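Shown next: start-v5.cif, given as mmCIF, C-alpha atoms and all ligand atoms.
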```
data_target
loop_
_atom_site.label_atom_id
_atom_site.label_comp_id
_atom_site.auth_asym_id
_atom_site.auth_seq_id
_atom_site.Cartn_x
_atom_site.Cartn_y
_atom_site.Cartn_z
CA MET A 235 15.89 -12.83 -3.16
CA LYS A 236 14.90 -12.72 0.49
CA THR A 237 11.30 -12.98 1.64
CA ILE A 238 9.78 -9.65 2.66
CA LEU A 239 6.28 -10.80 3.60
CA ASP A 240 5.25 -14.32 4.54
CA ILE A 241 1.60 -14.98 5.32
CA GLU A 242 0.48 -18.47 6.27
CA ASN A 243 -3.05 -19.72 6.82
CA LEU A 244 -4.26 -16.30 7.94
CA HIS A 245 -7.75 -16.20 9.43
CA ALA A 246 -9.20 -12.89 10.62
CA SER A 247 -12.55 -11.46 11.62
CA ILE A 248 -14.27 -8.17 12.30
CA ASN A 249 -17.19 -7.95 14.73
CA ASP A 250 -17.18 -11.75 14.97
CA VAL A 251 -17.68 -12.09 11.21
CA ASN A 252 -14.97 -14.26 9.65
CA ILE A 253 -13.53 -12.47 6.63
CA LEU A 254 -10.12 -14.02 5.95
CA LYS A 255 -10.33 -17.80 5.83
CA GLY A 256 -6.83 -19.12 5.24
CA VAL A 257 -4.73 -16.69 3.19
CA ASN A 258 -1.27 -17.85 2.08
CA LEU A 259 1.01 -15.33 0.41
CA ASN A 260 4.77 -15.13 0.06
CA ILE A 261 6.32 -11.96 -1.33
CA LYS A 262 10.03 -11.61 -2.00
CA ALA A 263 12.16 -8.50 -2.39
CA GLY A 264 11.95 -7.16 -5.93
CA GLU A 265 8.47 -8.58 -6.54
CA ILE A 266 5.22 -6.83 -7.34
CA HIS A 267 2.08 -8.72 -6.40
CA VAL A 268 -1.50 -7.77 -7.22
CA ILE A 269 -4.68 -8.79 -5.46
CA MET A 270 -7.94 -8.56 -7.36
CA GLY A 271 -11.39 -9.77 -6.39
CA THR A 272 -15.04 -8.85 -6.21
CA ASN A 273 -16.34 -6.28 -3.72
CA GLY A 274 -16.37 -7.66 -0.20
CA ALA A 275 -13.85 -10.41 -0.97
CA GLY A 276 -11.65 -9.29 1.94
CA LYS A 277 -8.96 -7.32 0.10
CA SER A 278 -8.98 -4.26 2.37
CA THR A 279 -9.29 -6.55 5.38
CA LEU A 280 -6.07 -8.28 4.36
CA ALA A 281 -4.31 -4.92 3.96
CA SER A 282 -5.58 -3.72 7.35
CA VAL A 283 -4.54 -6.92 9.12
CA ILE A 284 -1.01 -6.65 7.68
CA MET A 285 -0.85 -3.03 8.88
CA GLY A 286 -2.28 -3.98 12.29
CA HIS A 287 -5.58 -2.14 12.40
CA PRO A 288 -6.94 -2.84 15.89
CA LYS A 289 -10.54 -3.42 14.80
CA TYR A 290 -9.63 -6.78 13.19
CA GLN A 291 -9.02 -9.94 15.20
CA VAL A 292 -6.49 -12.45 13.94
CA LEU A 293 -7.89 -15.92 14.67
CA ASP A 294 -5.21 -18.16 13.22
CA GLY A 295 -2.09 -18.20 11.07
CA SER A 296 1.02 -16.06 10.91
CA VAL A 297 2.36 -12.91 9.24
CA TYR A 298 6.11 -12.38 9.08
CA PHE A 299 7.83 -9.27 7.72
CA ASN A 300 11.59 -9.59 7.18
CA ASN A 301 11.51 -12.54 9.58
CA GLU A 302 9.84 -10.48 12.31
CA ASN A 303 6.48 -11.56 13.69
CA LEU A 304 4.27 -8.68 12.56
CA LEU A 305 1.28 -9.85 14.57
CA GLU A 306 3.18 -9.10 17.78
CA MET A 307 3.85 -5.51 16.72
CA LYS A 308 1.65 -2.42 17.10
CA VAL A 309 0.68 -0.28 14.10
CA ASP A 310 3.38 2.32 14.74
CA GLU A 311 6.02 -0.37 15.22
CA ARG A 312 5.04 -1.91 11.90
CA ALA A 313 5.25 1.49 10.22
CA ARG A 314 8.69 2.14 11.70
CA ALA A 315 9.85 -1.29 10.58
CA GLY A 316 8.95 -0.28 7.00
CA VAL A 317 5.38 -1.40 6.33
CA PHE A 318 3.33 1.23 4.48
CA LEU A 319 -0.36 1.14 3.61
CA ALA A 320 -1.95 3.64 1.25
CA MET A 321 -5.53 3.25 2.39
CA GLN A 322 -8.56 2.89 0.15
CA TYR A 323 -10.13 5.79 2.09
CA PRO A 324 -7.35 8.02 3.46
CA SER A 325 -8.21 9.87 6.68
CA GLU A 326 -8.36 13.65 7.06
CA LEU A 327 -6.26 15.14 9.86
CA PRO A 328 -7.58 18.66 10.49
CA GLY A 329 -5.07 20.90 12.25
CA VAL A 330 -2.06 18.75 11.30
CA SER A 331 -0.12 20.19 8.36
CA ASN A 332 1.46 17.99 5.72
CA VAL A 333 4.89 19.25 6.79
CA GLN A 334 4.35 18.46 10.48
CA PHE A 335 2.85 15.10 9.71
CA ILE A 336 5.56 13.86 7.39
CA LYS A 337 8.41 15.31 9.45
CA SER A 338 7.22 13.53 12.60
CA ALA A 339 6.69 10.30 10.68
CA ILE A 340 10.25 10.47 9.27
CA ASN A 341 11.74 11.33 12.67
CA ALA A 342 9.82 8.54 14.38
CA LYS A 343 11.79 6.13 12.20
CA ARG A 344 15.15 7.69 13.12
CA ASP A 345 17.17 7.69 16.33
CA LYS A 346 16.64 10.53 18.80
CA ASP A 347 20.11 11.95 18.15
CA ASP A 348 19.72 11.60 14.40
CA GLN A 349 16.59 13.62 13.62
CA ILE A 350 16.34 14.97 10.09
CA LYS A 351 17.82 18.44 9.55
CA LEU A 352 15.17 21.01 8.60
CA LEU A 353 16.94 22.17 5.47
CA ASN A 354 17.41 18.63 4.36
CA PHE A 355 13.80 17.84 5.05
CA TYR A 356 12.51 20.79 3.02
CA ARG A 357 14.81 19.92 0.14
CA ILE A 358 13.47 16.37 -0.08
CA PHE A 359 9.91 17.53 0.55
CA LYS A 360 10.11 20.00 -2.38
CA GLU A 361 11.81 17.49 -4.63
CA LYS A 362 9.17 14.79 -4.07
CA ALA A 363 6.31 17.32 -4.28
CA ASN A 364 7.69 18.25 -7.71
CA THR A 365 7.86 14.70 -8.97
CA MET A 366 4.32 14.10 -7.68
CA LYS A 367 3.16 17.35 -9.34
CA ILE A 368 1.88 18.65 -6.01
CA SER A 369 1.65 22.44 -5.70
CA ASP A 370 3.50 24.63 -3.17
CA ASP A 371 0.49 25.79 -1.15
CA TYR A 372 0.23 22.18 -0.09
CA THR A 373 3.01 22.46 2.50
CA ASN A 374 0.96 24.07 5.23
CA ARG A 375 -2.46 22.62 4.44
CA SER A 376 -3.92 20.08 6.82
CA VAL A 377 -3.42 16.47 5.82
CA ASN A 378 -6.14 15.51 3.33
CA GLU A 379 -8.59 18.12 4.68
CA GLY A 380 -10.90 19.18 1.88
CA TYR A 381 -8.86 17.23 -0.67
CA SER A 382 -10.57 15.59 -3.61
CA GLY A 383 -10.42 11.81 -3.76
CA GLY A 384 -7.64 11.97 -6.33
CA GLU A 385 -5.59 14.48 -4.31
CA LYS A 386 -5.77 12.21 -1.28
CA LYS A 387 -4.47 9.30 -3.31
CA ARG A 388 -1.63 11.40 -4.70
CA ASN A 389 -0.82 12.48 -1.15
CA GLU A 390 -0.53 8.85 -0.02
CA ILE A 391 2.17 8.23 -2.64
CA PHE A 392 3.92 11.47 -1.71
CA GLN A 393 4.09 10.26 1.91
CA MET A 394 5.36 6.90 0.71
CA LEU A 395 8.21 8.51 -1.24
CA LEU A 396 9.31 10.42 1.86
CA LEU A 397 8.95 7.54 4.31
CA GLU A 398 10.83 5.03 2.14
CA PRO A 399 9.03 1.83 3.22
CA LYS A 400 10.16 -1.72 2.42
CA LEU A 401 6.68 -3.14 1.95
CA VAL A 402 4.33 -0.89 0.00
CA ILE A 403 0.64 -1.83 0.08
CA LEU A 404 -1.59 0.21 -2.22
CA ASP A 405 -5.32 -0.33 -1.65
CA GLU A 406 -7.20 0.88 -4.74
CA ILE A 407 -4.72 3.71 -5.22
CA ASP A 408 -6.12 4.15 -8.74
CA SER A 409 -9.72 4.78 -7.72
CA GLY A 410 -10.59 8.45 -8.05
CA LEU A 411 -7.46 9.25 -10.06
CA ASP A 412 -7.77 10.90 -13.46
CA ILE A 413 -5.73 9.49 -16.34
CA ASP A 414 -2.80 11.90 -15.90
CA ALA A 415 -2.71 11.25 -12.15
CA ILE A 416 -2.61 7.48 -12.68
CA LYS A 417 0.47 8.05 -14.81
CA VAL A 418 2.12 10.27 -12.16
CA VAL A 419 1.35 7.77 -9.41
CA GLY A 420 2.33 4.75 -11.49
CA GLU A 421 5.64 6.22 -12.66
CA ASN A 422 6.61 7.44 -9.20
CA VAL A 423 5.87 4.08 -7.58
CA THR A 424 7.85 2.29 -10.29
CA ASN A 425 10.82 4.66 -9.99
CA TYR A 426 10.82 4.27 -6.22
CA PHE A 427 10.64 0.51 -6.55
CA ASN A 428 13.47 0.31 -9.09
CA GLU A 429 15.71 2.39 -6.83
CA HIS A 430 15.00 0.13 -3.82
CA ILE A 431 14.48 -3.18 -5.58
CA ARG A 432 16.92 -5.19 -3.46
CA ASP A 433 14.94 -4.88 -0.24
CA THR A 434 11.48 -3.68 -1.25
CA ALA A 435 8.25 -5.33 -2.41
CA ILE A 436 4.86 -4.04 -3.53
CA LEU A 437 1.34 -5.35 -3.00
CA ILE A 438 -1.32 -3.65 -5.10
CA ILE A 439 -5.04 -4.08 -4.64
CA THR A 440 -6.97 -2.99 -7.70
CA HIS A 441 -9.98 -3.66 -9.91
CA TYR A 442 -8.37 -2.42 -13.11
CA PRO A 443 -5.30 -3.35 -15.17
CA ARG A 444 -4.64 0.28 -16.21
CA ILE A 445 -2.40 1.07 -13.22
CA LEU A 446 -0.55 -2.19 -13.91
CA GLU A 447 0.59 -0.84 -17.25
CA TYR A 448 2.80 1.53 -15.22
CA ILE A 449 3.55 -0.78 -12.30
CA LYS A 450 4.25 -4.12 -13.98
CA PRO A 451 3.26 -7.04 -11.73
CA ASP A 452 5.01 -10.38 -11.34
CA TYR A 453 1.97 -12.12 -9.86
CA VAL A 454 -1.77 -11.49 -9.91
CA HIS A 455 -3.89 -13.22 -7.26
CA VAL A 456 -7.65 -13.51 -7.03
CA LEU A 457 -9.03 -13.27 -3.51
CA HIS A 458 -12.50 -14.69 -3.05
CA ASP A 459 -14.41 -15.32 0.16
CA GLY A 460 -11.28 -14.76 2.21
CA LYS A 461 -8.96 -17.07 0.26
CA ILE A 462 -6.64 -16.78 -2.72
CA ILE A 463 -8.31 -19.01 -5.29
CA LYS A 464 -6.17 -18.31 -8.34
CA THR A 465 -2.73 -16.92 -9.16
CA GLY A 466 -1.43 -15.84 -12.54
CA ASP A 467 0.44 -13.00 -14.21
CA PHE A 468 -0.59 -9.75 -15.91
CA ALA A 469 -2.60 -11.73 -18.45
CA LEU A 470 -4.92 -12.83 -15.63
CA ALA A 471 -5.69 -9.19 -14.78
CA GLN A 472 -6.47 -8.51 -18.43
CA LYS A 473 -8.71 -11.55 -18.67
CA LEU A 474 -10.61 -10.50 -15.53
CA GLU A 475 -11.19 -7.06 -16.99
CA LYS A 476 -12.51 -8.64 -20.19
CA ASP A 477 -14.51 -11.57 -18.78
CA GLY A 478 -15.22 -10.72 -15.13
CA TYR A 479 -15.03 -13.28 -12.31
CA ASP A 480 -17.79 -15.77 -13.16
CA TRP A 481 -15.54 -18.17 -15.06
CA ILE A 482 -13.36 -18.64 -11.95
CA LEU A 483 -16.13 -18.72 -9.38
CA GLN A 484 -18.28 -21.26 -11.19
CA LYS A 485 -15.57 -23.91 -11.19
P1 LIG B 501 -12.96 -5.63 -0.24
O1 LIG B 501 -11.89 -4.65 0.11
O2 LIG B 501 -12.44 -6.87 -0.89
O3 LIG B 501 -14.06 -5.02 -1.06
P2 LIG B 501 -13.39 -5.68 2.63
O4 LIG B 501 -12.17 -6.33 3.16
O5 LIG B 501 -13.50 -4.21 2.76
O6 LIG B 501 -13.63 -6.15 1.12
O7 LIG B 501 -14.66 -6.31 3.34
C1 LIG B 501 -14.80 -7.71 3.47
C2 LIG B 501 -16.12 -8.05 4.13
O8 LIG B 501 -16.09 -7.58 5.48
C3 LIG B 501 -17.33 -7.38 3.48
O9 LIG B 501 -18.32 -8.37 3.31
C4 LIG B 501 -17.74 -6.34 4.49
O10 LIG B 501 -19.14 -6.14 4.45
C5 LIG B 501 -17.32 -6.96 5.78
N1 LIG B 501 -17.14 -5.97 6.85
C6 LIG B 501 -16.37 -4.88 6.81
N2 LIG B 501 -16.47 -4.18 7.98
C7 LIG B 501 -17.34 -4.87 8.75
C8 LIG B 501 -17.87 -4.67 10.07
N3 LIG B 501 -17.51 -3.60 10.80
N4 LIG B 501 -18.72 -5.59 10.54
C9 LIG B 501 -19.06 -6.66 9.81
N5 LIG B 501 -18.61 -6.91 8.56
C10 LIG B 501 -17.75 -6.02 8.04
MG MG B 502 -11.55 -2.68 -0.29
#
```
Kindly transcribe the structure held in the file into structure tokens.
Ligand code: ADP
Ligand code: MG
Amino acid sequence: MKTILDIENLHASINDVNILKGVNLNIKAGEIHVIMGTNGAGKSTLASVIMGHPKYQVLDGSVYFNNENLLEMKVDERARAGVFLAMQYPSELPGVSNVQFIKSAINAKRDKDDQIKLLNFYRIFKEKANTMKISDDYTNRSVNEGYSGGEKKRNEIFQMLLLEPKLVILDEIDSGLDIDAIKVVGENVTNYFNEHIRDTAILIITHYPRILEYIKPDYVHVLHDGKIIKTGDFALAQKLEKDGYDWILQK
């Protein structure tokens, strides 16, 4: 399978503090990778650098997405190319309705003379809202305004389903979700992935194996002090839940 994301020797900082200190990660189409690690390890930093958040400085290394140099692209260019980040703390956008927001995001990815037809848009919007178990009053509410933590997370996956990205990064998507919502999120991500498996990959950041029972990973990496210090499979995630991180860090 072709490589979707290729990160080599990535070093990055925020406010002159070095956070990523040589990350190497290669993700191919059809693969699900997980990053675990203690608080402050640099997991969200890695996600933000891939997405192109301007507050991080890349000091060294490279990030390629489908053979394109991501580091030379702006956030919106990365999004249009098919990189999607469900943030650990999704932003509220008062005054921007879910419909407006998602419609402009979809149209931004399409040619000017090929904008999505309204009827078509509403059909897909309704269909995905149904599978995400999102209620109808949602359509005209402002994006994430007044949402509970779990509703925001569900909304991130809803956006993902409509935007159809090729690289899906989920930063602690399971935090704040109740048990039923984890199932809804997990099953929808897995269904999406299975339908797009030839050209899509997933990177999940999590502390808990529960979500991985729905989204079965191929690789589990431990990020510590800005570097990947161990790679395994689902069994590694289970061992970390049982034994914590000390046994790796003390070596
Ligand atoms: P994780 O997601 O693994 O918990 P983060 O990537 O969010 O970790 O943070 C990595 C480190 O970067 C933490 O030690 C955090 O305190 C630090 N950090 C985050 N933002 C800033 C900032 N604005 N200035 C300095 N350090 C920061
Ligand atoms: Mg984080």
Environment of ligand LIG 501 (chain B) within 7 Å, counting all atoms listed in the file, reported as a PyMOL selection string: chain A and resi 248-249+251+253+271-280
With only C-alpha atoms as the counted atoms, please give the residues lying no more than 10 Å from Lys387 in chain A, apart from itself and same-chain residues fewer than 2 positions off, as a PyMOL selection string. chain A and resi 320-324+378+381-385+389-392+404-411+415-416+419
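A straight line drawn from CA of Val268 in chain A to CA of Glu398 in chain A is 20.1 Å long.
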Of the candidates A:Asn428, A:Thr434, A:Asn300, A:Ser282, which shows the shortest atom-to-atom distance to ligand MG 502 (chain B), using all atoms listed in the file? A:Ser282
Taking 2 positions as the minimum chain separation for residues in the same chain, which residues sit within 10 Å of Ile462 in chain A when counting all atoms listed in the file? Answer as a list of chain:residue names.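 In the requested form, the answer reads A:Leu254, A:Lys255, A:Gly256, A:Val257, A:Asn258, A:Leu259, A:Ile269, A:Met270, A:Gly271, A:Ala275, A:His455, A:Val456, A:Leu457, A:His458, A:Asp459, A:Gly460, A:Lys464, A:Thr465.
Pairwise distance (CA of Ile266 in chain A, CA of Ser296 in chain A) equals 20.9 Å.
Of the listed residues (A:Leu395, A:Val330, A:Lys346, A:Ser338), A:Val330 comes nearest to Glu379 in chain A; the distances count all atoms listed in the file.
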What separation in Å, quoted to one decimal, exists between CA of Val309 in chain A and CA of Val454 in chain A?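 Going from CA of Val309 in chain A over to CA of Val454 in chain A covers 26.6 Å.
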May I have a table of the residues of range 352-402 of chain A lying at most 12 Å from range 237-241 of chain A, giving each one's closest pair of atoms and their distance in Å to one decimal, counting all atoms listed in the file, ordered by chain and ascending residue number, as a Markdown table?
```
| residue | atom | partner | partner_atom | distance |
| --- | --- | --- | --- | --- |
| A:Pro399 | CA | A:Ile238 | CA | 11.5 |
| A:Lys400 | CA | A:Ile238 | CA | 7.9 |
| A:Leu401 | CA | A:Ile238 | CA | 7.2 |
| A:Val402 | CA | A:Ile238 | CA | 10.7 |
```
Contacts of Asn374 in chain A within 8 Å, all atoms listed in the file, excl. fewer than 3 positions in-chain, as a PyMOL selection string: chain A and resi 331-333+371
For Glu311 in chain A, list every protein, DNA or RNA residue within 10 Å, evaluated using all atoms listed in the file, and leave out those in the same chain fewer than 3 positions away; present the list as a compact mmCIF listing (two decimals) with C-alpha atoms, in the coordinates of the input.
```txt
# COMPACT_ATOMS: atom_id res chain seq x y z
CA MET A 285 -0.85 -3.03 8.88
CA GLY A 286 -2.28 -3.98 12.29
CA LEU A 304 4.27 -8.68 12.56
CA GLU A 306 3.18 -9.10 17.78
CA MET A 307 3.85 -5.51 16.72
CA LYS A 308 1.65 -2.42 17.10
CA ARG A 314 8.69 2.14 11.70
CA ALA A 315 9.85 -1.29 10.58
CA GLY A 316 8.95 -0.28 7.00
CA VAL A 317 5.38 -1.40 6.33
CA ALA A 342 9.82 8.54 14.38
CA LYS A 343 11.79 6.13 12.20
```
Rank A:His441, A:Lys476, A:Lys450, A:Lys386 by their smallest atom-to-atom distance to ligand MG 502 (chain B), using all atoms listed in the file, and report the top residue only.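 Between A:His441, A:Lys476, A:Lys450, A:Lys386, the residue approaching ligand MG 502 (chain B) most closely is A:His441.
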Counting all atoms listed in the file, the option among A:Ile413, A:Tyr290, A:Val283, A:Thr440 closest to ligand MG 502 (chain B):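 Checking each of A:Ile413, A:Tyr290, A:Val283, A:Thr440 against ligand MG 502 (chain B), counting all atoms listed in the file, the winner is A:Thr440.
Shortest atom-to-atom contact with ligand MG 502 (chain B) among A:Leu327, A:Ser376, A:Ile438, A:Gln291: A:Ile438, counting only C-alpha atoms and all ligand atoms.
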Identify which of the residues A:Thr365, A:Thr424, A:Ile439, A:Asp347 lies closest to ligand MG 502 (chain B), counting only C-alpha atoms and all ligand atoms when measuring atom-to-atom distances. A:Ile439
